[in-house]
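File shown: entry_17.cif. Contents: mmCIF, C-alpha atoms and all ligand atoms.
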data_my_file
loop_
_atom_site.label_atom_id
_atom_site.label_comp_id
_atom_site.auth_asym_id
_atom_site.auth_seq_id
_atom_site.Cartn_x
_atom_site.Cartn_y
_atom_site.Cartn_z
CA MET A 23 10.36 -11.60 -44.78
CA ASN A 24 9.73 -11.51 -41.02
CA SER A 25 12.56 -12.74 -38.79
CA THR A 26 11.72 -15.45 -36.23
CA SER A 27 12.66 -15.47 -32.53
CA TYR A 28 11.96 -17.49 -29.43
CA VAL A 29 9.96 -16.46 -26.39
CA ALA A 30 9.27 -18.48 -23.23
CA CYS A 31 5.72 -18.40 -21.83
CA PRO A 32 5.88 -16.93 -18.31
CA GLU A 33 2.92 -19.09 -17.19
CA CYS A 34 3.66 -22.58 -18.56
CA ASP A 35 7.33 -22.24 -19.69
CA LEU A 36 6.56 -23.35 -23.25
CA LEU A 37 9.25 -22.17 -25.67
CA ILE A 38 7.59 -20.62 -28.69
CA ASN A 39 9.15 -19.88 -32.04
CA TYR A 40 7.33 -16.91 -33.53
CA ALA A 41 7.54 -14.45 -36.41
CA GLN A 42 8.10 -10.85 -35.30
CA PRO A 43 4.55 -9.43 -34.83
CA LYS A 44 3.56 -6.11 -36.38
CA VAL A 45 2.18 -3.18 -34.35
CA GLY A 46 -1.38 -4.08 -33.24
CA GLU A 47 -0.88 -7.86 -33.63
CA LYS A 48 -0.99 -10.16 -30.60
CA ILE A 49 0.81 -13.41 -29.88
CA HIS A 50 -0.79 -15.81 -27.38
CA CYS A 51 0.69 -18.95 -25.87
CA PRO A 52 -0.76 -21.91 -27.86
CA ARG A 53 -0.88 -24.02 -24.67
CA CYS A 54 -2.32 -21.72 -21.95
CA ASP A 55 -3.47 -18.78 -24.11
CA VAL A 56 -1.65 -16.13 -22.03
CA LEU A 57 -0.86 -12.94 -23.95
CA LEU A 58 2.86 -13.00 -24.76
CA LEU A 59 3.49 -10.11 -27.13
CA LYS A 60 1.48 -7.08 -28.16
CA PRO A 61 3.78 -4.52 -29.74
CA SER A 62 2.43 -0.98 -29.76
CA LYS A 63 3.67 2.25 -31.29
CA GLN A 64 6.27 4.43 -29.59
CA THR A 65 6.62 2.22 -26.50
CA ILE A 66 10.14 3.46 -25.70
CA GLU A 67 9.19 7.13 -26.19
CA ARG A 68 6.13 6.67 -23.95
CA THR A 69 8.12 4.87 -21.23
CA PHE A 70 10.76 7.61 -21.34
CA ALA A 71 8.12 10.39 -21.04
CA LEU A 72 6.29 8.59 -18.18
CA SER A 73 9.54 7.90 -16.30
CA PHE A 74 10.55 11.55 -16.63
CA ALA A 75 7.14 12.70 -15.33
CA GLY A 76 7.38 10.18 -12.46
CA PHE A 77 10.89 11.36 -11.57
CA ILE A 78 9.70 14.99 -11.35
CA LEU A 79 6.56 14.05 -9.34
CA PHE A 80 8.55 11.97 -6.85
CA PHE A 81 9.95 15.09 -5.12
CA PRO A 82 6.69 16.99 -4.37
CA ALA A 83 5.02 13.65 -3.48
CA ASN A 84 7.68 13.01 -0.83
CA PHE A 85 8.62 16.47 0.39
CA LEU A 86 5.34 18.42 0.34
CA PRO A 87 2.68 17.92 3.05
CA LEU A 88 0.10 15.20 2.33
CA VAL A 89 -2.58 16.38 4.76
CA SER A 90 -2.89 19.14 7.34
CA ILE A 91 -5.00 18.78 10.44
CA SER A 92 -5.95 21.46 12.91
CA LEU A 93 -6.58 20.14 16.44
CA PHE A 94 -7.17 22.34 19.51
CA GLY A 95 -5.73 25.31 17.64
CA ASN A 96 -2.53 23.47 16.65
CA ALA A 97 -2.00 22.97 12.92
CA ASN A 98 -0.05 19.85 11.91
CA SER A 99 1.02 18.80 8.45
CA ASP A 100 2.75 15.55 7.54
CA ILE A 101 4.95 14.31 4.74
CA ILE A 102 5.54 10.59 3.96
CA MET A 103 8.84 10.63 5.85
CA SER A 104 7.06 11.80 9.06
CA GLY A 105 5.16 8.48 9.10
CA VAL A 106 8.43 6.54 8.82
CA LEU A 107 10.06 8.65 11.58
CA ALA A 108 7.00 8.21 13.83
CA LEU A 109 7.31 4.43 13.47
CA PHE A 110 11.01 4.65 14.37
CA THR A 111 10.32 6.67 17.50
CA LYS A 112 7.63 4.18 18.56
CA THR A 113 10.36 1.50 18.39
CA MET A 114 8.58 -0.20 15.51
CA TRP A 115 11.77 -0.01 13.49
CA PRO A 116 11.28 -3.25 11.46
CA VAL A 117 7.96 -1.82 10.16
CA ALA A 118 9.61 1.60 9.67
CA ILE A 119 12.34 0.05 7.51
CA VAL A 120 9.80 -1.85 5.37
CA VAL A 121 7.65 1.30 4.89
CA PHE A 122 10.75 3.38 4.10
CA LEU A 123 11.97 0.88 1.50
CA THR A 124 8.63 0.11 -0.18
CA SER A 125 7.21 3.65 -0.22
CA ILE A 126 10.35 5.76 -0.80
CA VAL A 127 13.54 3.87 -1.77
CA PHE A 128 12.15 1.21 -4.13
CA PRO A 129 9.72 3.52 -6.01
CA PHE A 130 12.57 6.02 -6.52
CA ALA A 131 14.93 3.27 -7.71
CA GLN A 132 12.23 1.90 -10.04
CA ILE A 133 11.51 5.28 -11.65
CA SER A 134 15.22 6.19 -11.92
CA LEU A 135 16.09 2.84 -13.53
CA SER A 136 13.14 3.15 -15.92
CA LEU A 137 14.34 6.64 -16.87
CA LEU A 138 17.92 5.42 -17.35
CA ILE A 139 16.97 2.40 -19.47
CA SER A 140 14.37 4.13 -21.66
CA GLY A 141 16.66 7.20 -21.99
CA HIS A 142 19.55 5.05 -23.25
CA LEU A 143 17.25 3.24 -25.70
CA TYR A 144 15.57 6.48 -26.83
CA PHE A 145 18.93 8.14 -27.58
CA ASN A 146 20.50 4.87 -28.85
CA GLN A 147 23.25 5.01 -26.26
CA PRO A 148 24.82 1.63 -25.41
CA ASN A 149 25.79 1.07 -21.78
CA ARG A 150 27.33 -2.03 -20.22
CA TYR A 151 24.97 -1.69 -17.22
CA LEU A 152 21.73 -1.86 -19.26
CA ILE A 153 21.34 -5.63 -18.72
CA CYS A 154 21.97 -5.19 -14.98
CA TRP A 155 19.40 -2.36 -14.76
CA MET A 156 16.78 -4.47 -16.58
CA ARG A 157 17.29 -7.31 -14.06
CA TRP A 158 16.98 -4.95 -11.10
CA ILE A 159 13.83 -3.28 -12.41
CA HIS A 160 12.25 -6.69 -12.94
CA HIS A 161 12.79 -7.55 -9.25
CA LEU A 162 11.76 -4.09 -8.02
CA ASN A 163 8.27 -4.42 -9.56
CA GLU A 164 7.44 -6.92 -6.82
CA TRP A 165 8.56 -4.56 -4.05
CA VAL A 166 7.00 -1.22 -4.96
CA MET A 167 3.87 -0.86 -2.83
CA LEU A 168 2.68 2.70 -3.31
CA GLU A 169 -0.95 1.53 -3.68
CA VAL A 170 -0.82 -0.12 -0.25
CA TYR A 171 0.56 3.07 1.23
CA MET A 172 -2.20 5.07 -0.53
CA LEU A 173 -4.81 2.78 1.01
CA SER A 174 -3.40 3.40 4.50
CA ILE A 175 -3.47 7.18 3.85
CA ILE A 176 -7.16 6.96 2.85
CA VAL A 177 -8.01 4.94 5.98
CA ALA A 178 -6.10 7.43 8.19
CA CYS A 179 -7.84 10.41 6.49
CA VAL A 180 -11.32 8.89 7.00
CA LYS A 181 -10.57 8.30 10.70
CA LEU A 182 -9.08 11.76 11.21
CA MET A 183 -12.01 13.45 9.42
CA ALA A 184 -14.26 12.34 12.29
CA ILE A 185 -12.08 14.32 14.72
CA SER A 186 -11.23 17.45 12.77
CA PRO A 187 -11.53 18.91 9.26
CA LEU A 188 -8.60 17.95 7.04
CA LYS A 189 -6.82 20.03 4.45
CA PHE A 190 -5.28 18.05 1.59
CA GLY A 191 -1.81 19.24 0.62
CA TRP A 192 -0.03 19.36 -2.75
CA GLY A 193 2.01 16.34 -1.66
CA LEU A 194 -1.13 14.18 -1.71
CA TYR A 195 -2.10 15.29 -5.25
CA ALA A 196 1.48 14.61 -6.41
CA PHE A 197 1.40 11.21 -4.65
CA VAL A 198 -1.86 10.20 -6.39
CA ALA A 199 -0.41 11.34 -9.74
CA LEU A 200 2.77 9.34 -8.97
CA ILE A 201 0.75 6.15 -8.36
CA PHE A 202 -1.10 6.72 -11.64
CA ILE A 203 2.20 7.23 -13.51
CA THR A 204 3.93 4.17 -11.97
CA THR A 205 0.89 1.98 -12.80
CA LEU A 206 0.96 3.23 -16.41
CA LEU A 207 4.73 2.73 -16.50
CA ILE A 208 4.52 -0.92 -15.42
CA SER A 209 1.64 -1.74 -17.77
CA ASN A 210 3.22 0.15 -20.68
CA ARG A 211 6.77 -1.19 -20.51
CA ASP A 212 7.34 -3.84 -23.17
CA ASN A 213 10.13 -5.93 -21.60
CA HIS A 214 10.45 -8.09 -24.68
CA LEU A 215 11.01 -5.07 -26.94
CA PHE A 216 13.42 -3.55 -24.38
CA TRP A 217 15.55 -6.73 -24.30
CA GLN A 218 15.56 -6.86 -28.10
CA ARG A 219 16.68 -3.22 -28.35
CA ILE A 220 19.38 -3.74 -25.69
CA GLU A 221 20.68 -6.79 -27.56
CA GLN A 222 20.76 -4.76 -30.80
CA LEU A 223 22.55 -1.85 -29.10
CA CYS A 224 25.18 -4.22 -27.64
CA LYS A 225 25.71 -5.83 -31.09
CA ASP A 226 26.05 -2.44 -32.80
CA ASN A 227 28.47 -1.31 -30.10
CA ASN A 228 30.62 -4.46 -30.48
CA HIS A 229 30.76 -4.00 -34.26
CA ALA A 230 31.74 -0.34 -33.84
CA ASN A 231 34.64 -1.24 -31.49
ZN ZN A 301 1.76 -20.81 -21.77
#

In structure tokens, how does this file's structure come out?
Amino acid sequence: MNSTSYVACPECDLLINYAQPKVGEKIHCPRCDVLLLKPSKQTIERTFALSFAGFILFFPANFLPLVSISLFGNANSDIIMSGVLALFTKTMWPVAIVVFLTSIVFPFAQISLSLLISGHLYFNQPNRYLICWMRWIHHLNEWVMLEVYMLSIIVACVKLMAISPLKFGWGLYAFVALIFITTLLISNRDNHLFWQRIEQLCKDNNHAN
């Protein structure tokens, strides 16, 4: 027999008592019809693999040149951090801090936390910080703005192209791949399943002690 649990609708706050859905089944809110649960196969494995790929890609995306431009015989190449430093030197430090946090610190924290959580669940390792990490990652989703940064890079490239030919660096390819991975990561992560697994791990750990 299927066990029943409760879930709160994130749109209308209705508390719904439901039977655990099978893989492929969907549960919608009976009041506002928002999709509440849609369990899929190997969610934890997929999140772990995507987080690992994102963690690796983060370094070339941030430390390899994004674009190179040759102007009057001088070749210049820039990494993401150069943009932040340029804003600091132009005394636009409030903007520099926001760009630094939303394009470097928060994405790194989000990927690292995702790797930590999915890694612990994948290897069935209880950890007293799992609940804390889940709360942080939930808040970080609202602050990671890689897509906005990508848009500004595209605008800058289009403008610079009119002045001089550009050479795209490996950093840009890694950055595009990183955006793709983080988007997949957010859409793939099944928070409901993660909370259930964390609760189970904590219970098993308490019984074992
Ligand atoms: Zn609802």

key: Surrounding residues as a list in words, ligand ZN 301 (chain A), max 6 Å, only C-alpha atoms and all ligand atoms   =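 Taking only C-alpha atoms and all ligand atoms into account, the residues around ligand ZN 301 (chain A) at most 6 Å away are Cys31, Glu33, Cys34, Leu36, Cys51, Arg53, Cys54 and Val56 of chain A.
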
Might you pull out every residue within 12 Å of A:Leu207, with only C-alpha atoms counted and same-chain residues fewer than 5 positions away left off, and present them as an mmCIF file with C-alpha atoms, keeping the file's coordinate frame?
data_model
loop_
_atom_site.group_PDB
_atom_site.id
_atom_site.type_symbol
_atom_site.label_atom_id
_atom_site.label_comp_id
_atom_site.auth_asym_id
_atom_site.auth_seq_id
_atom_site.Cartn_x
_atom_site.Cartn_y
_atom_site.Cartn_z
ATOM 1 C CA THR A 65 6.620 2.220 -26.500
ATOM 2 C CA ILE A 66 10.140 3.460 -25.700
ATOM 3 C CA GLU A 67 9.190 7.130 -26.190
ATOM 4 C CA ARG A 68 6.130 6.670 -23.950
ATOM 5 C CA THR A 69 8.120 4.870 -21.230
ATOM 6 C CA PHE A 70 10.760 7.610 -21.340
ATOM 7 C CA ALA A 71 8.120 10.390 -21.040
ATOM 8 C CA LEU A 72 6.290 8.590 -18.180
ATOM 9 C CA SER A 73 9.540 7.900 -16.300
ATOM 10 C CA PHE A 74 10.550 11.550 -16.630
ATOM 11 C CA ALA A 75 7.140 12.700 -15.330
ATOM 12 C CA GLY A 76 7.380 10.180 -12.460
ATOM 13 C CA PHE A 77 10.890 11.360 -11.570
ATOM 14 C CA PRO A 129 9.720 3.520 -6.010
ATOM 15 C CA GLN A 132 12.230 1.900 -10.040
ATOM 16 C CA ILE A 133 11.510 5.280 -11.650
ATOM 17 C CA SER A 134 15.220 6.190 -11.920
ATOM 18 C CA LEU A 135 16.090 2.840 -13.530
ATOM 19 C CA SER A 136 13.140 3.150 -15.920
ATOM 20 C CA LEU A 137 14.340 6.640 -16.870
ATOM 21 C CA SER A 140 14.370 4.130 -21.660
ATOM 22 C CA ILE A 159 13.830 -3.280 -12.410
ATOM 23 C CA ASN A 163 8.270 -4.420 -9.560
ATOM 24 C CA LEU A 200 2.770 9.340 -8.970
ATOM 25 C CA ILE A 201 0.750 6.150 -8.360
ATOM 26 C CA PHE A 202 -1.100 6.720 -11.640
ATOM 27 C CA ASP A 212 7.340 -3.840 -23.170
ATOM 28 C CA ASN A 213 10.130 -5.930 -21.600
#

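Summary of the local environment: counting only C-alpha atoms, residues at most 12 Å from A:Val121, other than itself and those fewer than 6 positions away along its chain, are Ile102, Met103, Ser104, Gly105, Val106, Leu107, Ala108, Leu109, Phe110, Met114, Trp115, Val127, Phe128, Pro129, Trp165, Val166, Met167, Leu168, Val170, Tyr171, Met172 and Ser174 of chain A.
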
Sel. within 12 Å of pt (23.4, 3.3, -21.4), counting only C-alpha atoms, output as a list in words =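 Answer for this query, in the requested form: Leu135, Ser136, Leu137, Leu138, Ile139, Ser140, Gly141, His142, Leu143, Tyr144, Phe145, Asn146, Gln147, Pro148, Asn149, Arg150, Tyr151, Leu152, Ile153, Cys154, Trp155, Met156, Arg219, Ile220, Leu223, Cys224 and Asn227 of chain A.
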
inquiry  = Under the rule that all atoms listed in the file are counted, which of A:Leu57, A:Glu169, A:Pro52, A:Ser90 is the nearest residue to A:Thr124?
reply    = A:Glu169

ask   = Could you state the separation of atom CA of A:Thr204 and atom CA of A:Met183 in Å, given to one decimal place?
value =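 Those two atoms sit 28.2 Å apart.
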
query = With all atoms listed in the file as the basis for distance, which of A:Asn228, A:Gln218, A:Ser125, A:Ser27 is at the shortest distance from A:Ile175?
reply =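 Ranking A:Asn228, A:Gln218, A:Ser125, A:Ser27 by distance to A:Ile175, first place goes to A:Ser125.
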
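Distance annotation: of A:Thr113, A:Phe197, A:Lys44, A:Leu93, the residue with the minimal separation from A:Ile185 is A:Leu93; atom set is only C-alpha atoms.
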